[in-house]
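Structure file run_32.cif (mmCIF, C-alpha atoms) is printed below.
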data_model
#
loop_
_atom_site.label_atom_id
_atom_site.label_comp_id
_atom_site.auth_asym_id
_atom_site.auth_seq_id
_atom_site.Cartn_x
_atom_site.Cartn_y
_atom_site.Cartn_z
CA MET E 1237 -25.04 16.55 16.98
CA SER E 1238 -26.58 13.54 18.66
CA VAL E 1239 -24.85 11.47 21.32
CA GLN E 1240 -24.69 8.56 18.85
CA GLU E 1241 -22.99 10.71 16.21
CA ARG E 1242 -20.47 11.97 18.76
CA LYS E 1243 -19.67 8.41 19.88
CA GLU E 1244 -19.21 7.29 16.27
CA ARG E 1245 -16.90 10.24 15.58
CA GLU E 1246 -14.86 9.45 18.72
CA ARG E 1247 -14.66 5.77 17.75
CA ALA E 1248 -13.46 6.64 14.23
CA GLY E 1249 -10.88 8.99 15.74
CA ARG E 1250 -9.56 6.23 18.01
CA GLU E 1251 -9.30 3.87 15.04
CA ARG E 1252 -7.36 6.46 13.04
CA LEU E 1253 -5.05 6.98 16.03
CA ILE E 1254 -4.43 3.24 16.41
CA VAL E 1255 -3.65 2.84 12.70
CA ALA E 1256 -1.44 5.94 12.57
CA THR E 1257 0.47 4.83 15.67
CA ALA E 1258 0.93 1.31 14.30
CA ARG E 1259 2.25 2.76 11.04
CA GLU E 1260 4.63 5.08 12.82
CA LEU E 1261 5.95 2.34 15.07
CA ALA E 1262 6.32 -0.11 12.16
CA GLU E 1263 8.15 2.46 10.03
CA GLN E 1264 10.52 3.27 12.92
CA GLN E 1265 11.16 -0.20 14.35
CA GLY E 1266 9.55 -2.78 12.05
CA TRP E 1267 6.35 -4.77 12.36
CA ASP E 1268 7.76 -7.03 15.07
CA ALA E 1269 7.74 -4.00 17.38
CA VAL E 1270 4.01 -3.46 16.83
CA THR E 1271 2.16 -5.19 19.65
CA THR E 1272 -1.19 -4.39 21.21
CA ARG E 1273 0.55 -3.72 24.52
CA ARG E 1274 2.97 -1.26 22.94
CA LEU E 1275 0.19 0.43 20.94
CA ALA E 1276 -1.93 0.75 24.08
CA GLU E 1277 0.96 2.39 25.90
CA ARG E 1278 1.68 4.80 23.06
CA ILE E 1279 -1.89 5.95 22.54
CA GLU E 1280 -2.69 5.84 26.25
CA TYR E 1281 -5.67 3.51 25.96
CA SER E 1282 -6.08 0.10 27.53
CA GLN E 1283 -5.59 -3.06 25.49
CA PRO E 1284 -9.34 -3.86 25.76
CA VAL E 1285 -10.04 -0.54 24.01
CA LEU E 1286 -7.74 -1.60 21.16
CA TYR E 1287 -9.48 -4.97 20.98
CA SER E 1288 -12.84 -3.21 20.77
CA HIS E 1289 -11.63 -1.75 17.45
CA PHE E 1290 -9.39 -4.50 16.07
CA ARG E 1291 -9.29 -8.19 16.98
CA GLY E 1292 -5.52 -8.12 16.91
CA LYS E 1293 -2.39 -7.19 15.02
CA ARG E 1294 -3.56 -8.91 11.84
CA GLU E 1295 -6.55 -6.57 11.53
CA ILE E 1296 -4.36 -3.56 12.29
CA ILE E 1297 -2.00 -4.64 9.50
CA GLY E 1298 -5.04 -4.94 7.22
CA ALA E 1299 -6.17 -1.42 8.13
CA VAL E 1300 -2.69 -0.06 7.40
CA ALA E 1301 -2.69 -1.94 4.08
CA LEU E 1302 -6.02 -0.43 3.04
CA GLU E 1303 -4.84 3.06 3.97
CA GLY E 1304 -1.60 2.46 2.07
CA ALA E 1305 -3.45 1.19 -1.00
CA ALA E 1306 -5.50 4.39 -1.11
CA GLU E 1307 -2.35 6.49 -0.76
CA MET E 1308 -0.53 4.51 -3.44
CA ALA E 1309 -3.46 4.85 -5.87
CA ALA E 1310 -3.47 8.61 -5.33
CA ALA E 1311 0.32 8.81 -5.82
CA LEU E 1312 0.17 6.78 -9.04
CA ARG E 1313 -2.65 8.88 -10.45
CA ALA E 1314 -0.90 12.12 -9.52
CA ALA E 1315 2.32 10.97 -11.20
CA THR E 1316 0.61 9.83 -14.39
CA SER E 1317 -1.79 12.75 -14.73
CA ALA E 1318 1.03 15.15 -15.57
CA ALA E 1319 2.72 12.78 -18.04
CA ASP E 1320 2.40 13.36 -21.77
CA GLY E 1321 1.98 10.24 -23.87
CA PRO E 1322 1.78 6.53 -23.05
CA ARG E 1323 5.51 5.87 -22.62
CA THR E 1324 6.02 8.85 -20.32
CA ARG E 1325 2.91 7.85 -18.38
CA VAL E 1326 4.11 4.27 -17.86
CA ALA E 1327 7.59 5.44 -16.82
CA ALA E 1328 6.04 7.92 -14.37
CA LEU E 1329 3.83 5.14 -13.01
CA ALA E 1330 6.82 2.84 -12.48
CA ARG E 1331 8.84 5.56 -10.76
CA ALA E 1332 5.92 6.54 -8.52
CA TYR E 1333 5.32 2.91 -7.53
CA LEU E 1334 8.97 2.28 -6.68
CA ASP E 1335 9.19 5.60 -4.85
CA PHE E 1336 6.11 4.74 -2.78
CA ALA E 1337 7.60 1.36 -1.83
CA GLU E 1338 10.90 2.97 -0.87
CA ARG E 1339 9.36 5.81 1.17
CA ASN E 1340 6.85 3.58 2.98
CA PRO E 1341 8.53 0.22 3.61
CA ALA E 1342 6.33 -0.84 6.54
CA VAL E 1343 3.15 0.15 4.73
CA TYR E 1344 4.36 -1.66 1.62
CA ASP E 1345 5.00 -4.75 3.74
CA ALA E 1346 1.49 -4.49 5.19
CA MET E 1347 0.09 -4.29 1.68
CA PHE E 1348 2.04 -7.10 0.03
CA GLN E 1349 4.18 -9.10 2.44
CA LEU E 1350 2.24 -9.54 5.68
CA ASP E 1351 -1.05 -11.24 6.44
CA GLY E 1352 -3.60 -8.52 7.02
CA GLY E 1353 -6.52 -10.85 6.44
CA LEU E 1354 -7.41 -9.16 3.14
CA ALA E 1355 -8.58 -10.91 -0.01
CA PHE E 1356 -6.72 -10.09 -3.22
CA ALA E 1357 -8.05 -10.66 -6.73
CA LYS E 1358 -11.38 -11.94 -5.46
CA GLU E 1359 -14.92 -10.70 -5.45
CA ASP E 1360 -14.67 -9.66 -1.79
CA THR E 1361 -11.44 -7.74 -2.28
CA PRO E 1362 -11.76 -4.45 -0.38
CA GLU E 1363 -12.35 -1.39 -2.54
CA PRO E 1364 -9.02 0.38 -1.76
CA LEU E 1365 -7.11 -2.66 -3.08
CA LYS E 1366 -9.25 -2.78 -6.21
CA ASP E 1367 -8.68 0.93 -6.71
CA ALA E 1368 -4.90 0.59 -6.37
CA PHE E 1369 -4.95 -2.07 -9.08
CA ALA E 1370 -7.22 0.17 -11.17
CA ALA E 1371 -4.66 2.98 -10.84
CA LEU E 1372 -2.09 0.66 -12.43
CA LEU E 1373 -4.50 -0.58 -15.09
CA GLU E 1374 -5.49 2.93 -16.15
CA SER E 1375 -2.01 3.63 -17.51
CA LEU E 1376 -0.99 0.11 -18.48
CA ALA E 1377 -4.06 -0.96 -20.47
CA GLU E 1378 -3.09 1.26 -23.38
CA VAL E 1379 0.37 -0.32 -23.68
CA ALA E 1380 -0.54 -4.00 -23.24
CA GLY E 1381 -0.30 -4.72 -26.95
CA ASP E 1382 -2.65 -6.32 -29.43
CA GLY E 1383 -4.28 -9.51 -28.25
CA VAL E 1384 -2.98 -9.12 -24.69
CA HIS E 1385 -5.57 -8.87 -21.93
CA PRO E 1386 -4.97 -5.52 -20.17
CA GLY E 1387 -5.60 -6.97 -16.72
CA LEU E 1388 -3.14 -9.80 -17.27
CA PHE E 1389 -0.53 -7.39 -18.62
CA THR E 1390 -1.06 -5.16 -15.57
CA GLU E 1391 -0.51 -8.15 -13.26
CA VAL E 1392 2.79 -8.98 -15.00
CA PHE E 1393 4.00 -5.38 -14.98
CA TRP E 1394 2.99 -5.01 -11.33
CA ALA E 1395 4.85 -8.23 -10.49
CA ALA E 1396 7.96 -6.81 -12.16
CA LEU E 1397 7.63 -3.57 -10.16
CA HIS E 1398 7.09 -5.52 -6.96
CA GLY E 1399 10.18 -7.61 -7.70
CA LEU E 1400 12.26 -4.50 -8.29
CA ALA E 1401 10.97 -2.87 -5.11
CA THR E 1402 11.57 -5.96 -3.01
CA LEU E 1403 15.00 -6.83 -4.40
CA THR E 1404 16.19 -3.22 -4.19
CA ARG E 1405 15.08 -2.91 -0.58
CA ALA E 1406 16.78 -6.20 0.31
CA GLY E 1407 20.04 -4.88 -1.15
CA ARG E 1408 20.04 -7.51 -3.90
CA LEU E 1409 20.26 -4.96 -6.71
CA PRO E 1410 22.88 -2.21 -7.07
CA PRO E 1411 21.24 1.12 -6.22
CA GLY E 1412 22.90 3.08 -9.01
CA ASP E 1413 20.93 1.40 -11.80
CA ALA E 1414 17.39 2.12 -10.57
CA GLU E 1415 16.52 4.50 -13.42
CA ARG E 1416 17.99 2.18 -16.04
CA ARG E 1417 15.80 -0.65 -14.68
CA VAL E 1418 12.69 1.49 -15.06
CA GLU E 1419 13.66 2.41 -18.62
CA LEU E 1420 14.34 -1.24 -19.49
CA LEU E 1421 11.05 -2.36 -17.99
CA VAL E 1422 9.10 0.25 -19.94
CA ASP E 1423 11.03 -0.33 -23.18
CA ARG E 1424 10.72 -4.15 -23.10
CA LEU E 1425 7.24 -4.68 -21.69
CA ALA E 1426 5.16 -1.73 -22.80
CA VAL E 1427 4.02 -1.47 -26.42
CA VAL E 1428 4.24 2.25 -27.12
#
If you took the structure in this file and wrote it as structure tokens, what would it be?
Amino acid sequence: MSVQERKERERAGRERLIVATARELAEQQGWDAVTTRRLAERIEYSQPVLYSHFRGKREIIGAVALEGAAEMAAALRAATSAADGPRTRVAALARAYLDFAERNPAVYDAMFQLDGGLAFAKEDTPEPLKDAFAALLESLAEVAGDGVHPGLFTEVFWAALHGLATLTRAGRLPPGDAERRVELLVDRLAVV
């Protein structure tokens, strides 16, 4: 292994450590607790080392969002791969999405609530975000209905899931009806 390869591997390891530590801190105490000073203390590097990897908190949030998008895409695909038939697949997708949002609130915030400097629905959208949308589209395209653009249907279904996730987390919806909401969403929106 060359010196350059070793340095690149060490740099990538530091970046992973910074992102993992930011995630952990955000999940424990919220994003307001994530500061470069606090991260530097936790990972035992100086703030200039952090700034050599990320220009600031915004870029760290973006890195967490990209990591979360990849994890969410994998979770959605895993949930839908075992489902038999379009309706079961869409219900499994909805449950997996809502479960991901509930289990990873800080990551979900990084993905959809906070400014991580990432472009959505544009040509320069980062690949992990495109793939997360593709994971939704793969199951939803087949239930969009005649004459309905699959991408547009996926956006509407995703918006409904995001609304459910956000309102549930904020305590605006009674927790006991979560499964009934999924069933209603699938029954009313998906053409199966």
From E:His1398, E:Ala1377, E:Arg1323, E:Glu1391, residue lying nearest Leu1420 in chain E [all atoms listed in the file]: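 The closest residue to Leu1420 in chain E is E:Arg1323.
You can rank E:Arg1416, E:Val1239, E:Val1300, E:Gly1292 by their closest distance to Thr1257 in chain E using all atoms listed in the file, and at the top of that list sits E:Val1300.
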Distance criterion (all atoms listed in the file): nearest to Leu1329 in chain E out of E:Val1285, E:Ala1368, E:Ile1254, E:Leu1388: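 Under the stated criterion, the closest residue is E:Ala1368.
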Within 9 Å of (13.6, 4.0, -6.5), all atoms listed in the file: residues as a list in words?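 Those within range, by chain then number, are Arg1331, Ala1332, Tyr1333, Leu1334, Asp1335, Phe1336, Ala1337, Glu1338, Arg1339, Leu1400, Ala1401, Thr1404, Pro1411, Ala1414, Glu1415 and Val1418 of chain E.
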When you count all atoms listed in the file, which of these residues is closest to Met1347 in chain E: E:Ala1301, E:Leu1421, E:Val1255, E:Val1270?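 Among the listed residues, the smallest separation from Met1347 in chain E belongs to E:Ala1301.
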Enclose the full set of atoms of range 1306-1311 of chain E listed in the file within a box whose edges lie along x, y and z, apply 6 Å of padding to each of the six sides, and report centre and edge lengths in Å to one decimal as AutoDock Vina command-line options.
--center_x -2.6 --center_y 6.6 --center_z -3.3 --size_x 17.8 --size_y 16.4 --size_z 17.1
Residue nearest Ala1380 in chain E - candidates E:Ala1357, E:Val1422, E:Leu1403, E:Val1343, atoms counted: all atoms listed in the file: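 Going through E:Ala1357, E:Val1422, E:Leu1403, E:Val1343 one by one, the smallest distance to Ala1380 in chain E is for E:Val1422.
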Residues returned when the PyMOL selection byres ((chain E and resi 1322) around 8) runs on this file, as a ChimeraX atom specification: /E:1320-1321,1323-1326,1375,1378-1379,1428
Work out how far CA of Glu1246 in chain E is from CA of Ala1276 in chain E, in Å to one decimal.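 Value for the CA of Ala1276 in chain E-CA of Glu1246 in chain E distance: 16.5 Å.
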Looking at E:Arg1278, E:His1289, E:Leu1261, E:Gly1352, which one is nearest to Arg1247 in chain E, with distances taken over all atoms listed in the file?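 Checking each of E:Arg1278, E:His1289, E:Leu1261, E:Gly1352 against Arg1247 in chain E, counting all atoms listed in the file, the winner is E:His1289.
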By how many Å are CA of Trp1267 in chain E and CA of Ala1248 in chain E apart?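 Between these atoms lies a distance of 22.9 Å.
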Neighbours of range 1360-1365 of chain E within 9 Å (all atoms listed in the file; same-chain residues fewer than 3 positions away dropped), as a list of chain:residue names? E:Ala1301, E:Leu1302, E:Glu1303, E:Gly1304, E:Ala1305, E:Ala1306, E:Ala1309, E:Met1347, E:Leu1354, E:Ala1355, E:Phe1356, E:Ala1357, E:Ala1368, E:Phe1369, E:Ala1370
With C-alpha atoms kept, could you save the residues just selected as a compact mmCIF listing (two decimals), in the frame of the given file?
# COMPACT_ATOMS: atom_id res chain seq x y z
CA ALA E 1301 -2.69 -1.94 4.08
CA LEU E 1302 -6.02 -0.43 3.04
CA GLU E 1303 -4.84 3.06 3.97
CA GLY E 1304 -1.60 2.46 2.07
CA ALA E 1305 -3.45 1.19 -1.00
CA ALA E 1306 -5.50 4.39 -1.11
CA ALA E 1309 -3.46 4.85 -5.87
CA MET E 1347 0.09 -4.29 1.68
CA LEU E 1354 -7.41 -9.16 3.14
CA ALA E 1355 -8.58 -10.91 -0.01
CA PHE E 1356 -6.72 -10.09 -3.22
CA ALA E 1357 -8.05 -10.66 -6.73
CA ALA E 1368 -4.90 0.59 -6.37
CA PHE E 1369 -4.95 -2.07 -9.08
CA ALA E 1370 -7.22 0.17 -11.17
Mind pulling up the distance from CA of Pro1410 in chain E to CA of Asn1340 in chain E?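 So the two atoms, CA of Asn1340 in chain E and CA of Pro1410 in chain E, lie 19.8 Å apart.
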So which residues touch Leu1275 in chain E within 12 Å, counting all atoms listed in the file, skipping near sequence neighbours fewer than 2 positions away, as an MDAnalysis selection string? chainID E and resid 1250:1251 1253:1262 1267 1269:1273 1277:1287 1290 1292:1293 1296
Add whatever atoms are absent from range 1340-1351 of chain E to reach all heavy atoms, and provide the output as a PDB file, keeping the file's coordinate frame.
ATOM      1  N   ASN E1340       7.790   4.152   2.014  1.00  0.00           N
ATOM      2  CA  ASN E1340       6.850   3.580   2.980  1.00  0.00           C
ATOM      3  C   ASN E1340       7.074   2.075   3.152  1.00  0.00           C
ATOM      4  O   ASN E1340       6.177   1.281   2.874  1.00  0.00           O
ATOM      5  CB  ASN E1340       5.409   3.821   2.502  1.00  0.00           C
ATOM      6  CG  ASN E1340       5.117   5.273   2.252  1.00  0.00           C
ATOM      7  OD1 ASN E1340       4.913   6.036   3.176  1.00  0.00           O
ATOM      8  ND2 ASN E1340       5.104   5.656   0.989  1.00  0.00           N
ATOM      9  N   PRO E1341       8.241   1.657   3.583  1.00  0.00           N
ATOM     10  CA  PRO E1341       8.530   0.220   3.610  1.00  0.00           C
ATOM     11  C   PRO E1341       7.587  -0.588   4.510  1.00  0.00           C
ATOM     12  O   PRO E1341       7.176  -1.692   4.121  1.00  0.00           O
ATOM     13  CB  PRO E1341       9.973   0.142   4.105  1.00  0.00           C
ATOM     14  CG  PRO E1341      10.265   1.456   4.723  1.00  0.00           C
ATOM     15  CD  PRO E1341       9.373   2.455   4.059  1.00  0.00           C
ATOM     16  N   ALA E1342       7.218  -0.078   5.661  1.00  0.00           N
ATOM     17  CA  ALA E1342       6.330  -0.840   6.540  1.00  0.00           C
ATOM     18  C   ALA E1342       4.916  -0.917   5.967  1.00  0.00           C
ATOM     19  O   ALA E1342       4.254  -1.952   6.061  1.00  0.00           O
ATOM     20  CB  ALA E1342       6.307  -0.232   7.949  1.00  0.00           C
ATOM     21  N   VAL E1343       4.471   0.157   5.369  1.00  0.00           N
ATOM     22  CA  VAL E1343       3.150   0.150   4.730  1.00  0.00           C
ATOM     23  C   VAL E1343       3.168  -0.801   3.541  1.00  0.00           C
ATOM     24  O   VAL E1343       2.233  -1.587   3.343  1.00  0.00           O
ATOM     25  CB  VAL E1343       2.743   1.581   4.293  1.00  0.00           C
ATOM     26  CG1 VAL E1343       1.456   1.562   3.473  1.00  0.00           C
ATOM     27  CG2 VAL E1343       2.591   2.480   5.509  1.00  0.00           C
ATOM     28  N   TYR E1344       4.234  -0.761   2.762  1.00  0.00           N
ATOM     29  CA  TYR E1344       4.360  -1.660   1.620  1.00  0.00           C
ATOM     30  C   TYR E1344       4.346  -3.115   2.089  1.00  0.00           C
ATOM     31  O   TYR E1344       3.693  -3.962   1.478  1.00  0.00           O
ATOM     32  CB  TYR E1344       5.647  -1.340   0.840  1.00  0.00           C
ATOM     33  CG  TYR E1344       5.714  -2.018  -0.500  1.00  0.00           C
ATOM     34  CD1 TYR E1344       5.059  -1.481  -1.599  1.00  0.00           C
ATOM     35  CD2 TYR E1344       6.430  -3.194  -0.670  1.00  0.00           C
ATOM     36  CE1 TYR E1344       5.110  -2.098  -2.836  1.00  0.00           C
ATOM     37  CE2 TYR E1344       6.482  -3.820  -1.905  1.00  0.00           C
ATOM     38  CZ  TYR E1344       5.823  -3.269  -2.986  1.00  0.00           C
ATOM     39  OH  TYR E1344       5.868  -3.895  -4.211  1.00  0.00           O
ATOM     40  N   ASP E1345       5.031  -3.390   3.180  1.00  0.00           N
ATOM     41  CA  ASP E1345       5.000  -4.750   3.740  1.00  0.00           C
ATOM     42  C   ASP E1345       3.585  -5.130   4.152  1.00  0.00           C
ATOM     43  O   ASP E1345       3.149  -6.255   3.923  1.00  0.00           O
ATOM     44  CB  ASP E1345       5.933  -4.864   4.947  1.00  0.00           C
ATOM     45  CG  ASP E1345       7.388  -4.966   4.552  1.00  0.00           C
ATOM     46  OD1 ASP E1345       7.694  -5.142   3.362  1.00  0.00           O
ATOM     47  OD2 ASP E1345       8.240  -4.865   5.462  1.00  0.00           O
ATOM     48  N   ALA E1346       2.876  -4.208   4.782  1.00  0.00           N
ATOM     49  CA  ALA E1346       1.490  -4.490   5.190  1.00  0.00           C
ATOM     50  C   ALA E1346       0.629  -4.796   3.975  1.00  0.00           C
ATOM     51  O   ALA E1346      -0.236  -5.676   4.021  1.00  0.00           O
ATOM     52  CB  ALA E1346       0.921  -3.308   5.972  1.00  0.00           C
ATOM     53  N   MET E1347       0.881  -4.098   2.882  1.00  0.00           N
ATOM     54  CA  MET E1347       0.090  -4.290   1.680  1.00  0.00           C
ATOM     55  C   MET E1347       0.384  -5.613   0.981  1.00  0.00           C
ATOM     56  O   MET E1347      -0.537  -6.273   0.508  1.00  0.00           O
ATOM     57  CB  MET E1347       0.349  -3.128   0.696  1.00  0.00           C
ATOM     58  CG  MET E1347      -0.164  -1.793   1.177  1.00  0.00           C
ATOM     59  SD  MET E1347       0.457  -0.398   0.186  1.00  0.00           S
ATOM     60  CE  MET E1347      -0.299  -0.721  -1.402  1.00  0.00           C
ATOM     61  N   PHE E1348       1.665  -6.004   0.924  1.00  0.00           N
ATOM     62  CA  PHE E1348       2.040  -7.100   0.030  1.00  0.00           C
ATOM     63  C   PHE E1348       2.844  -8.238   0.657  1.00  0.00           C
ATOM     64  O   PHE E1348       3.030  -9.268   0.017  1.00  0.00           O
ATOM     65  CB  PHE E1348       2.828  -6.551  -1.162  1.00  0.00           C
ATOM     66  CG  PHE E1348       2.058  -5.536  -1.953  1.00  0.00           C
ATOM     67  CD1 PHE E1348       2.530  -4.252  -2.097  1.00  0.00           C
ATOM     68  CD2 PHE E1348       0.848  -5.858  -2.532  1.00  0.00           C
ATOM     69  CE1 PHE E1348       1.824  -3.303  -2.823  1.00  0.00           C
ATOM     70  CE2 PHE E1348       0.125  -4.924  -3.261  1.00  0.00           C
ATOM     71  CZ  PHE E1348       0.617  -3.639  -3.408  1.00  0.00           C
ATOM     72  N   GLN E1349       3.340  -8.067   1.857  1.00  0.00           N
ATOM     73  CA  GLN E1349       4.180  -9.100   2.440  1.00  0.00           C
ATOM     74  C   GLN E1349       3.539  -9.780   3.658  1.00  0.00           C
ATOM     75  O   GLN E1349       3.784 -10.944   3.903  1.00  0.00           O
ATOM     76  CB  GLN E1349       5.533  -8.521   2.871  1.00  0.00           C
ATOM     77  CG  GLN E1349       6.334  -7.847   1.768  1.00  0.00           C
ATOM     78  CD  GLN E1349       6.865  -8.815   0.744  1.00  0.00           C
ATOM     79  OE1 GLN E1349       6.296  -8.956  -0.330  1.00  0.00           O
ATOM     80  NE2 GLN E1349       7.932  -9.498   1.066  1.00  0.00           N
ATOM     81  N   LEU E1350       2.778  -9.037   4.423  1.00  0.00           N
ATOM     82  CA  LEU E1350       2.240  -9.540   5.680  1.00  0.00           C
ATOM     83  C   LEU E1350       0.784  -9.959   5.531  1.00  0.00           C
ATOM     84  O   LEU E1350       0.076  -9.495   4.631  1.00  0.00           O
ATOM     85  CB  LEU E1350       2.358  -8.460   6.767  1.00  0.00           C
ATOM     86  CG  LEU E1350       3.769  -7.951   7.043  1.00  0.00           C
ATOM     87  CD1 LEU E1350       3.722  -6.784   8.018  1.00  0.00           C
ATOM     88  CD2 LEU E1350       4.648  -9.063   7.575  1.00  0.00           C
ATOM     89  N   ASP E1351       0.335 -10.789   6.445  1.00  0.00           N
ATOM     90  CA  ASP E1351      -1.050 -11.240   6.440  1.00  0.00           C
ATOM     91  C   ASP E1351      -1.916 -10.232   7.190  1.00  0.00           C
ATOM     92  O   ASP E1351      -1.881 -10.163   8.410  1.00  0.00           O
ATOM     93  CB  ASP E1351      -1.160 -12.619   7.097  1.00  0.00           C
ATOM     94  CG  ASP E1351      -2.579 -13.142   7.144  1.00  0.00           C
ATOM     95  OD1 ASP E1351      -3.483 -12.530   6.526  1.00  0.00           O
ATOM     96  OD2 ASP E1351      -2.798 -14.183   7.801  1.00  0.00           O
TER      97      ASP E1351
END
